[in-house]
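Below is the file run.pdb, which contains PDB, C-alpha atoms.
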```
ATOM      1  CA  MET W  10      19.200  -7.078  14.255
ATOM      2  CA  VAL W  11      16.713  -5.729  11.705
ATOM      3  CA  VAL W  12      14.019  -3.138  12.449
ATOM      4  CA  ILE W  13      11.082  -3.294  10.023
ATOM      5  CA  GLY W  14       8.507  -0.552  10.551
ATOM      6  CA  CYS W  15       5.061  -1.961   9.795
ATOM      7  CA  ASP W  16       3.312   0.500  12.082
ATOM      8  CA  GLY W  17       0.701   1.792   9.684
ATOM      9  CA  VAL W  18      -0.222   5.106   8.097
ATOM     10  CA  ASN W  19       1.017   7.228  11.007
ATOM     11  CA  SER W  20       4.300   5.328  11.198
ATOM     12  CA  VAL W  21       6.832   6.381  13.822
ATOM     13  CA  VAL W  22       9.561   4.527  11.930
ATOM     14  CA  ALA W  23       8.743   6.317   8.669
ATOM     15  CA  ASN W  24       8.950   9.612  10.530
ATOM     16  CA  TRP W  25      12.371   8.589  11.912
ATOM     17  CA  LEU W  26      13.540   7.808   8.373
ATOM     18  CA  GLY W  27      12.555  11.319   7.345
ATOM     19  CA  LEU W  28       9.526  10.462   5.191
ATOM     20  CA  GLN W  29       6.878  13.173   5.246
ATOM     21  CA  LYS W  30       3.554  12.443   6.908
ATOM     22  CA  PRO W  31       0.716  11.164   4.668
ATOM     23  CA  VAL W  32      -1.693  13.832   3.470
ATOM     24  CA  HIS W  33      -5.472  13.876   3.274
ATOM     25  CA  SER W  34      -6.731  12.904  -0.181
ATOM     26  CA  GLY W  35      -9.794  15.134   0.134
ATOM     27  CA  ARG W  36     -12.114  12.139   0.465
ATOM     28  CA  SER W  37     -13.374   9.997   3.315
ATOM     29  CA  ALA W  38     -14.625   6.435   3.557
ATOM     30  CA  ILE W  39     -17.330   4.627   5.468
ATOM     31  CA  ARG W  40     -17.038   0.853   5.651
ATOM     32  CA  GLY W  41     -19.232  -1.846   7.102
ATOM     33  CA  PHE W  42     -19.935  -5.538   7.386
ATOM     34  CA  VAL W  43     -23.503  -6.795   7.265
ATOM     35  CA  LYS W  44     -24.980 -10.262   7.789
ATOM     36  CA  TYR W  45     -28.100 -11.660   6.093
ATOM     37  CA  PRO W  46     -29.337 -14.681   8.124
ATOM     38  CA  ASP W  47     -31.406 -15.954   5.175
ATOM     39  CA  GLY W  48     -28.807 -15.170   2.490
ATOM     40  CA  HIS W  49     -28.269 -12.030   0.420
ATOM     41  CA  GLY W  50     -28.704 -13.491  -3.071
ATOM     42  CA  PHE W  51     -25.925 -11.460  -4.712
ATOM     43  CA  GLN W  52     -23.403 -12.916  -7.136
ATOM     44  CA  PRO W  53     -19.799 -13.319  -5.851
ATOM     45  CA  THR W  54     -18.430 -10.245  -7.611
ATOM     46  CA  ILE W  55     -17.681  -6.613  -6.806
ATOM     47  CA  HIS W  56     -20.659  -4.270  -7.173
ATOM     48  CA  ALA W  57     -19.811  -0.577  -7.527
ATOM     49  CA  TYR W  58     -21.850   2.533  -8.305
ATOM     50  CA  PHE W  59     -20.522   5.994  -9.130
ATOM     51  CA  GLY W  60     -21.707   9.547  -9.469
ATOM     52  CA  GLY W  61     -24.231  11.675  -7.665
ATOM     53  CA  GLY W  62     -24.165  15.248  -6.465
ATOM     54  CA  ALA W  63     -22.264  14.293  -3.328
ATOM     55  CA  ARG W  64     -19.400  12.909  -5.431
ATOM     56  CA  ALA W  65     -19.819   9.485  -3.875
ATOM     57  CA  ARG W  66     -18.932   5.957  -4.805
ATOM     58  CA  TYR W  67     -20.715   3.053  -3.217
ATOM     59  CA  GLY W  68     -20.004  -0.631  -3.507
ATOM     60  CA  PHE W  69     -20.119  -4.001  -1.832
ATOM     61  CA  LEU W  70     -18.520  -7.401  -2.091
ATOM     62  CA  PRO W  71     -20.085 -10.693  -0.917
ATOM     63  CA  CYS W  72     -17.805 -12.565   1.498
ATOM     64  CA  ASP W  73     -19.991 -15.676   1.449
ATOM     65  CA  ASP W  74     -23.693 -16.496   0.992
ATOM     66  CA  ASN W  75     -24.709 -14.589   4.125
ATOM     67  CA  CYS W  76     -22.210 -11.745   4.615
ATOM     68  CA  LEU W  77     -21.373  -8.576   2.695
ATOM     69  CA  TYR W  78     -18.531  -6.089   3.036
ATOM     70  CA  TRP W  79     -19.641  -2.624   1.889
ATOM     71  CA  PHE W  80     -17.936   0.720   1.409
ATOM     72  CA  CYS W  81     -18.721   4.286   0.503
ATOM     73  CA  THR W  82     -16.098   6.874  -0.392
ATOM     74  CA  HIS W  83     -17.221  10.450  -0.669
ATOM     75  CA  ASN W  84     -16.271  14.093  -0.782
ATOM     76  CA  SER W  85     -19.087  16.157   0.650
ATOM     77  CA  SER W  86     -20.183  18.248   3.610
ATOM     78  CA  LEU W  87     -22.570  15.561   4.824
ATOM     79  CA  GLN W  88     -20.194  14.276   7.491
ATOM     80  CA  GLU W  89     -19.799  17.803   8.862
ATOM     81  CA  ARG W  90     -23.566  18.004   9.399
ATOM     82  CA  THR W  91     -23.850  14.642  11.144
ATOM     83  CA  GLN W  92     -23.543  14.105  14.883
ATOM     84  CA  LEU W  93     -20.387  12.224  15.856
ATOM     85  CA  ASP W  94     -22.322   9.447  17.577
ATOM     86  CA  SER W  95     -24.336   8.792  14.416
ATOM     87  CA  ILE W  96     -21.578   8.073  11.911
ATOM     88  CA  SER W  97     -18.282   6.287  11.635
ATOM     89  CA  PHE W  98     -15.892   7.333   8.910
ATOM     90  CA  ALA W  99     -12.182   7.726   8.259
ATOM     91  CA  PRO W 100     -10.303  10.216   6.063
ATOM     92  CA  LEU W 101      -8.463   8.597   3.172
ATOM     93  CA  LYS W 102      -4.758   9.388   3.324
ATOM     94  CA  LEU W 103      -1.862   8.801   0.976
ATOM     95  CA  ARG W 104       1.845   9.425   0.927
ATOM     96  CA  LEU W 105       2.772  11.966  -1.714
ATOM     97  CA  PRO W 106       4.360   9.874  -4.506
ATOM     98  CA  TRP W 107       7.354  12.156  -5.021
ATOM     99  CA  ASN W 108       8.146  11.869  -1.304
ATOM    100  CA  LEU W 109       8.901   8.196  -1.937
ATOM    101  CA  LEU W 110      11.237   9.076  -4.782
ATOM    102  CA  LEU W 111      13.180  11.595  -2.694
ATOM    103  CA  GLY W 112      12.860  10.104   0.797
ATOM    104  CA  ASN W 113      14.516   7.201   2.607
ATOM    105  CA  ILE W 114      12.801   3.825   2.584
ATOM    106  CA  SER W 115      15.661   2.314   4.553
ATOM    107  CA  LYS W 116      18.538   3.546   6.677
ATOM    108  CA  ASP W 117      21.257   1.296   8.094
ATOM    109  CA  ASN W 118      19.375  -1.721   9.532
ATOM    110  CA  VAL W 119      15.930  -0.042   9.563
ATOM    111  CA  CYS W 120      13.217   0.031   6.872
ATOM    112  CA  VAL W 121       9.467   0.452   6.477
ATOM    113  CA  ALA W 122       6.870  -1.740   4.773
ATOM    114  CA  GLY W 123       3.110  -1.915   4.287
ATOM    115  CA  ASP W 124       1.066   1.217   5.024
ATOM    116  CA  ALA W 125       4.084   2.686   6.791
ATOM    117  CA  LEU W 126       5.741   2.754   3.364
ATOM    118  CA  HIS W 127       2.950   3.321   0.864
ATOM    119  CA  PRO W 128      -0.377   4.488   2.355
ATOM    120  CA  MET W 129      -2.750   4.864  -0.580
ATOM    121  CA  THR W 130      -6.426   5.408  -1.317
ATOM    122  CA  PRO W 131      -8.422   2.161  -1.691
ATOM    123  CA  ASP W 132      -9.402   2.739  -5.332
ATOM    124  CA  LEU W 133      -7.293  -0.134  -6.698
ATOM    125  CA  GLY W 134      -7.867  -2.509  -3.798
ATOM    126  CA  GLN W 135      -4.097  -3.044  -3.650
ATOM    127  CA  GLY W 136      -3.165  -1.767  -0.181
ATOM    128  CA  GLY W 137      -3.102  -5.170   1.521
ATOM    129  CA  CYS W 138      -1.717  -6.855  -1.594
ATOM    130  CA  ALA W 139       1.160  -4.377  -1.733
ATOM    131  CA  ALA W 140       2.000  -5.179   1.902
ATOM    132  CA  LEU W 141       2.185  -8.880   1.007
ATOM    133  CA  GLU W 142       4.452  -7.986  -1.914
ATOM    134  CA  ASP W 143       6.666  -6.072   0.513
ATOM    135  CA  SER W 144       7.016  -9.113   2.739
ATOM    136  CA  VAL W 145       8.065 -11.403  -0.103
ATOM    137  CA  VAL W 146      10.518  -8.912  -1.637
ATOM    138  CA  LEU W 147      11.962  -8.050   1.782
ATOM    139  CA  ALA W 148      12.436 -11.719   2.674
ATOM    140  CA  ARG W 149      14.116 -12.362  -0.674
ATOM    141  CA  CYS W 150      16.454  -9.357  -0.432
ATOM    142  CA  LEU W 151      17.500 -10.164   3.134
ATOM    143  CA  ALA W 152      17.961 -13.854   2.348
ATOM    144  CA  GLU W 153      20.135 -13.115  -0.666
ATOM    145  CA  ALA W 154      22.271 -10.735   1.401
ATOM    146  CA  LEU W 155      22.640 -13.005   4.431
ATOM    147  CA  MET W 156      23.250 -16.167   2.408
ATOM    148  CA  ALA W 157      26.108 -14.644   0.436
ATOM    149  CA  LYS W 158      29.431 -16.463   0.659
ATOM    150  CA  PRO W 159      31.223 -15.425   3.898
ATOM    151  CA  ARG W 160      34.682 -13.927   3.982
ATOM    152  CA  LYS W 161      37.776 -15.894   5.012
ATOM    153  CA  GLU W 162      37.888 -17.165   8.589
ATOM    154  CA  ILE W 163      39.932 -15.336  11.237
ATOM    155  CA  ASP W 164      42.088 -17.259  13.724
ATOM    156  CA  ASN W 165      41.375 -15.043  16.738
ATOM    157  CA  GLU W 166      37.942 -16.006  18.160
ATOM    158  CA  GLU W 167      37.142 -12.541  19.563
ATOM    159  CA  GLU W 168      38.144 -10.783  16.381
ATOM    160  CA  GLU W 169      36.187 -13.326  14.365
ATOM    161  CA  GLU W 170      33.005 -12.632  16.375
ATOM    162  CA  GLU W 171      33.374  -8.877  15.903
ATOM    163  CA  GLU W 172      34.044  -9.403  12.200
ATOM    164  CA  GLU W 173      30.940 -11.573  11.865
ATOM    165  CA  GLU W 174      28.735  -8.969  13.555
ATOM    166  CA  GLU W 175      30.089  -6.196  11.355
ATOM    167  CA  GLU W 176      29.710  -8.350   8.248
ATOM    168  CA  GLU W 177      26.119  -9.233   9.159
ATOM    169  CA  TYR W 178      25.286  -5.564   9.725
ATOM    170  CA  LYS W 179      26.691  -4.637   6.318
ATOM    171  CA  ARG W 180      24.744  -7.448   4.639
ATOM    172  CA  ILE W 181      21.496  -6.411   6.299
ATOM    173  CA  LYS W 182      22.055  -2.816   5.220
ATOM    174  CA  LYS W 183      22.756  -3.965   1.661
ATOM    175  CA  GLY W 184      19.650  -6.170   1.623
ATOM    176  CA  LEU W 185      17.420  -3.341   2.874
ATOM    177  CA  GLU W 186      18.865  -0.954   0.298
ATOM    178  CA  LYS W 187      17.998  -3.447  -2.444
ATOM    179  CA  PHE W 188      14.483  -3.779  -1.006
ATOM    180  CA  GLY W 189      14.127  -0.002  -1.139
ATOM    181  CA  ARG W 190      15.234   0.156  -4.764
ATOM    182  CA  GLU W 191      12.798  -2.561  -5.807
ATOM    183  CA  ARG W 192       9.805  -1.160  -3.922
ATOM    184  CA  ARG W 193      10.316   2.558  -4.581
ATOM    185  CA  TRP W 194       8.877   2.730  -8.119
ATOM    186  CA  ARG W 195       6.290   0.031  -7.451
ATOM    187  CA  SER W 196       4.969   2.014  -4.481
ATOM    188  CA  PHE W 197       5.105   5.261  -6.473
ATOM    189  CA  SER W 198       3.036   3.670  -9.261
ATOM    190  CA  LEU W 199       0.429   2.173  -6.919
ATOM    191  CA  ILE W 200      -0.148   5.378  -4.967
ATOM    192  CA  SER W 201      -0.375   7.476  -8.146
ATOM    193  CA  ALA W 202      -2.671   5.072 -10.013
ATOM    194  CA  ALA W 203      -4.995   4.625  -7.027
ATOM    195  CA  TYR W 204      -5.398   8.371  -6.588
ATOM    196  CA  LEU W 205      -5.961   8.907 -10.329
ATOM    197  CA  VAL W 206      -8.584   6.158 -10.563
ATOM    198  CA  GLY W 207     -10.408   7.549  -7.525
ATOM    199  CA  PHE W 208     -10.342  11.064  -8.945
ATOM    200  CA  ILE W 209     -11.784   9.880 -12.266
ATOM    201  CA  GLN W 210     -14.506   7.810 -10.627
ATOM    202  CA  GLU W 211     -15.730  10.452  -8.210
ATOM    203  CA  CYS W 212     -15.277  13.729 -10.096
ATOM    204  CA  ASP W 213     -18.716  15.278 -10.756
ATOM    205  CA  GLY W 214     -17.713  17.805 -13.454
ATOM    206  CA  LYS W 215     -19.745  17.575 -16.662
ATOM    207  CA  VAL W 216     -16.748  16.982 -18.914
ATOM    208  CA  MET W 217     -15.162  14.399 -16.622
ATOM    209  CA  SER W 218     -18.511  12.669 -16.058
ATOM    210  CA  PHE W 219     -18.991  12.367 -19.831
ATOM    211  CA  LEU W 220     -15.468  11.050 -20.367
ATOM    212  CA  ARG W 221     -15.843   8.620 -17.465
ATOM    213  CA  GLU W 222     -19.102   7.173 -18.741
ATOM    214  CA  LYS W 223     -17.995   6.943 -22.373
ATOM    215  CA  PHE W 224     -14.302   6.110 -22.208
ATOM    216  CA  LEU W 225     -12.567   6.129 -18.837
ATOM    217  CA  SER W 226     -14.567   3.383 -17.113
ATOM    218  CA  ARG W 227     -12.752   0.793 -19.225
ATOM    219  CA  PHE W 228      -9.468   2.587 -18.592
ATOM    220  CA  SER W 229      -9.965   2.402 -14.814
ATOM    221  CA  VAL W 230     -10.668  -1.325 -14.892
ATOM    222  CA  GLY W 231      -7.658  -1.911 -17.145
ATOM    223  CA  VAL W 232      -5.360   0.015 -14.806
ATOM    224  CA  ALA W 233      -6.598  -1.962 -11.810
ATOM    225  CA  TRP W 234      -5.946  -5.311 -13.517
ATOM    226  CA  LYS W 235      -2.549  -4.222 -14.780
ATOM    227  CA  MET W 236      -1.400  -2.951 -11.397
ATOM    228  CA  ALA W 237      -2.460  -6.183  -9.715
ATOM    229  CA  ASP W 238      -0.239  -8.256 -12.036
ATOM    230  CA  PHE W 239       3.122  -8.163 -10.290
ATOM    231  CA  GLN W 240       5.863 -10.733  -9.798
ATOM    232  CA  CYS W 241       7.713 -10.530  -6.486
ATOM    233  CA  GLY W 242      10.454 -12.981  -7.454
ATOM    234  CA  GLU W 243      11.156 -16.408  -6.017
ATOM    235  CA  LEU W 244      12.167 -17.168  -2.462
ATOM    236  CA  LYS W 245      15.107 -19.579  -2.297
ATOM    237  CA  ILE W 246      15.216 -22.269   0.361
ATOM    238  CA  SER W 247      18.695 -23.111   1.582
TER     239      SER W 247
END
```

Same coordinates, now as structure tokens:
Amino acid sequence: MVVIGCDGVNSVVANWLGLQKPVHSGRSAIRGFVKYPDGHGFQPTIHAYFGGGARARYGFLPCDDNCLYWFCTHNSSLQERTQLDSISFAPLKLRLPWNLLLGNISKDNVCVAGDALHPMTPDLGQGGCAALEDSVVLARCLAEALMAKPRKEIDNEEEEEEEEEEEEYKRIKKGLEKFGRERRWRSFSLISAAYLVGFIQECDGKVMSFLREKFLSRFSVGVAWKMADFQCGELKIS
């Protein structure tokens, strides 16, 4: 048996493994989905706008000719002044990167994946992608462990069954440990880069605003593209 905790940001399984709870990034996000019956007329690309006294970032992405997904991340007191029935927003959380380096991603036959492993701010757009990476790497690691050449057969049927169960448990544990090693630094890098990009894009200090407009905008885009380029390895079919 394998227990894979994919229970989100407030993961019970991650807590059982001893990982610290995600922390608030200091920003919140409002997201929405809007439909234009007669078409919106926007090009199929990401549109994003930065700056402003409220330290906000606004953007939208066409889903098709009639629908748009939009978002707004911000760090202001506006939400505190708004009635609860007039706004819908969620705090942006992340797992502290060094907690991943020091904590347990797996233990025995239990591990975590997806947001339970690496909750991050949405500044790279890699949260869902990272969860898909987890699934491929986890499948590969478990397959390699379980498909390894079995030990010599035992004559006694009862002893053989017990030996097989113990051997399977050890293989699962080994596969999950390999998964943890492969995903630890990848998750650390994604969480750190996402937070850094978000900080650069939304900081309203004069020096940072100047650097962002003149130099760092290209840096942010480059980081996003580089982080998205990741090879999960090949899945072997027996």

Contacts of Ala140 in chain W at 9 Å (only C-alpha atoms; same-chain gap of 6+ positions) as a short mmCIF file (atom, residue, chain, number, x, y, z; two decimals) with C-alpha atoms, in the coordinates of the input:
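Output contents, as saved in selection30.cif:
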```cif
data_model
loop_
_atom_site.label_atom_id
_atom_site.label_comp_id
_atom_site.auth_asym_id
_atom_site.auth_seq_id
_atom_site.Cartn_x
_atom_site.Cartn_y
_atom_site.Cartn_z
CA ALA W 122 6.87 -1.74 4.77
CA GLY W 123 3.11 -1.92 4.29
CA ASP W 124 1.07 1.22 5.02
CA LEU W 126 5.74 2.75 3.36
CA HIS W 127 2.95 3.32 0.86
#
```

Practice problem: Could you state which residues are captured by the PyMOL selection byres ((chain W and resi 115) around 8) in this file, as a VMD selection string? | Solution: chain W and resid 26 113 to 114 116 to 121 185 to 186 189

Quiz item: Excluding same-chain residues fewer than 3 positions from Asp143 in chain W, what lies within 9 Å of it counting only C-alpha atoms, as a ChimeraX atom specification?
Solution: /W:122-123,138-140,146-148,188,192,241

Quiz item: Nearest to Val11 in chain W: which of W:Gly27, W:Gly184, W:Gly207, W:Gly50 is it, counting all atoms listed in the file?
Solution: W:Gly184

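Shortest separation to Val21 in chain W among W:Ala125, W:Val216, W:Ala152, W:Leu133 occurs at residue W:Ala125, atoms counted being all atoms listed in the file.
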
Practice problem: State, in Å with one decimal place, the distance from CA of Phe239 in chain W to CA of Phe69 in chain W. | Solution: 25.1 Å

Quiz item: Expanded to explicit residues, what is the PyMOL selection byres ((chain W and resi 38) around 6) for this file, as JSON, numbers by chain?
Solution: {"W": [37, 39, 81, 82, 98, 99]}

Mind dumping the selected residues with C-alpha atoms as a PDB file, in the frame of the given file?
```
ATOM      1  CA  SER W  37     -13.374   9.997   3.315  1.00  0.00           C
ATOM      2  CA  ILE W  39     -17.330   4.627   5.468  1.00  0.00           C
ATOM      3  CA  CYS W  81     -18.721   4.286   0.503  1.00  0.00           C
ATOM      4  CA  THR W  82     -16.098   6.874  -0.392  1.00  0.00           C
ATOM      5  CA  PHE W  98     -15.892   7.333   8.910  1.00  0.00           C
ATOM      6  CA  ALA W  99     -12.182   7.726   8.259  1.00  0.00           C
TER       7      ALA W  99
END
```

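Of the residues listed (W:Pro131, W:Gly137, W:Gly242, W:Gly68), W:Pro131 shows the shortest atom-to-atom separation from Tyr204 in chain W; distances use all atoms listed in the file.
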
Practice problem: Counting all atoms listed in the file, figure out which residue out of W:Gln240, W:Glu177, W:Pro128, W:Lys182 gets nearest to Gly17 in chain W. | Solution: W:Pro128

Self-check item: Surrounding residues of Leu155 in chain W excluding itself and chain neighbours under 4 positions, 7 Å, all atoms listed in the file, as a list in words
Solution: Leu151, Glu177, Arg180 and Ile181 of chain W

Quiz item: Nearest to Pro100 in chain W among W:Ala154, W:Leu28, W:Met129, W:Ala23, with distances taken over all atoms listed in the file: which residue is it?
Solution: W:Met129

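Among the candidates W:Glu153, W:Glu175, W:Lys44, W:Gln135, the one nearest to Lys235 in chain W when counting all atoms listed in the file is W:Gln135.
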
Practice problem: Expand the PyMOL selection byres ((chain W and resi 103-107) around 6) into the individual residues it matches in the shown file, reporting them as a VMD selection string. | Solution: chain W and resid 31 to 32 102 108 to 110 128 to 129 197

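Across the structure, CA of Asp132 in chain W and CA of Ala203 in chain W are spaced 5.1 Å apart.
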
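One distance worth recording is that between CA of Gly136 in chain W and CA of Leu199 in chain W, which is 8.6 Å.
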
Quiz prompt | Distance query 9 Å from (18.3, -17.6, -6.1) using only C-alpha atoms, result as a PyMOL selection string | solution = chain W and resi 149+153+243-246
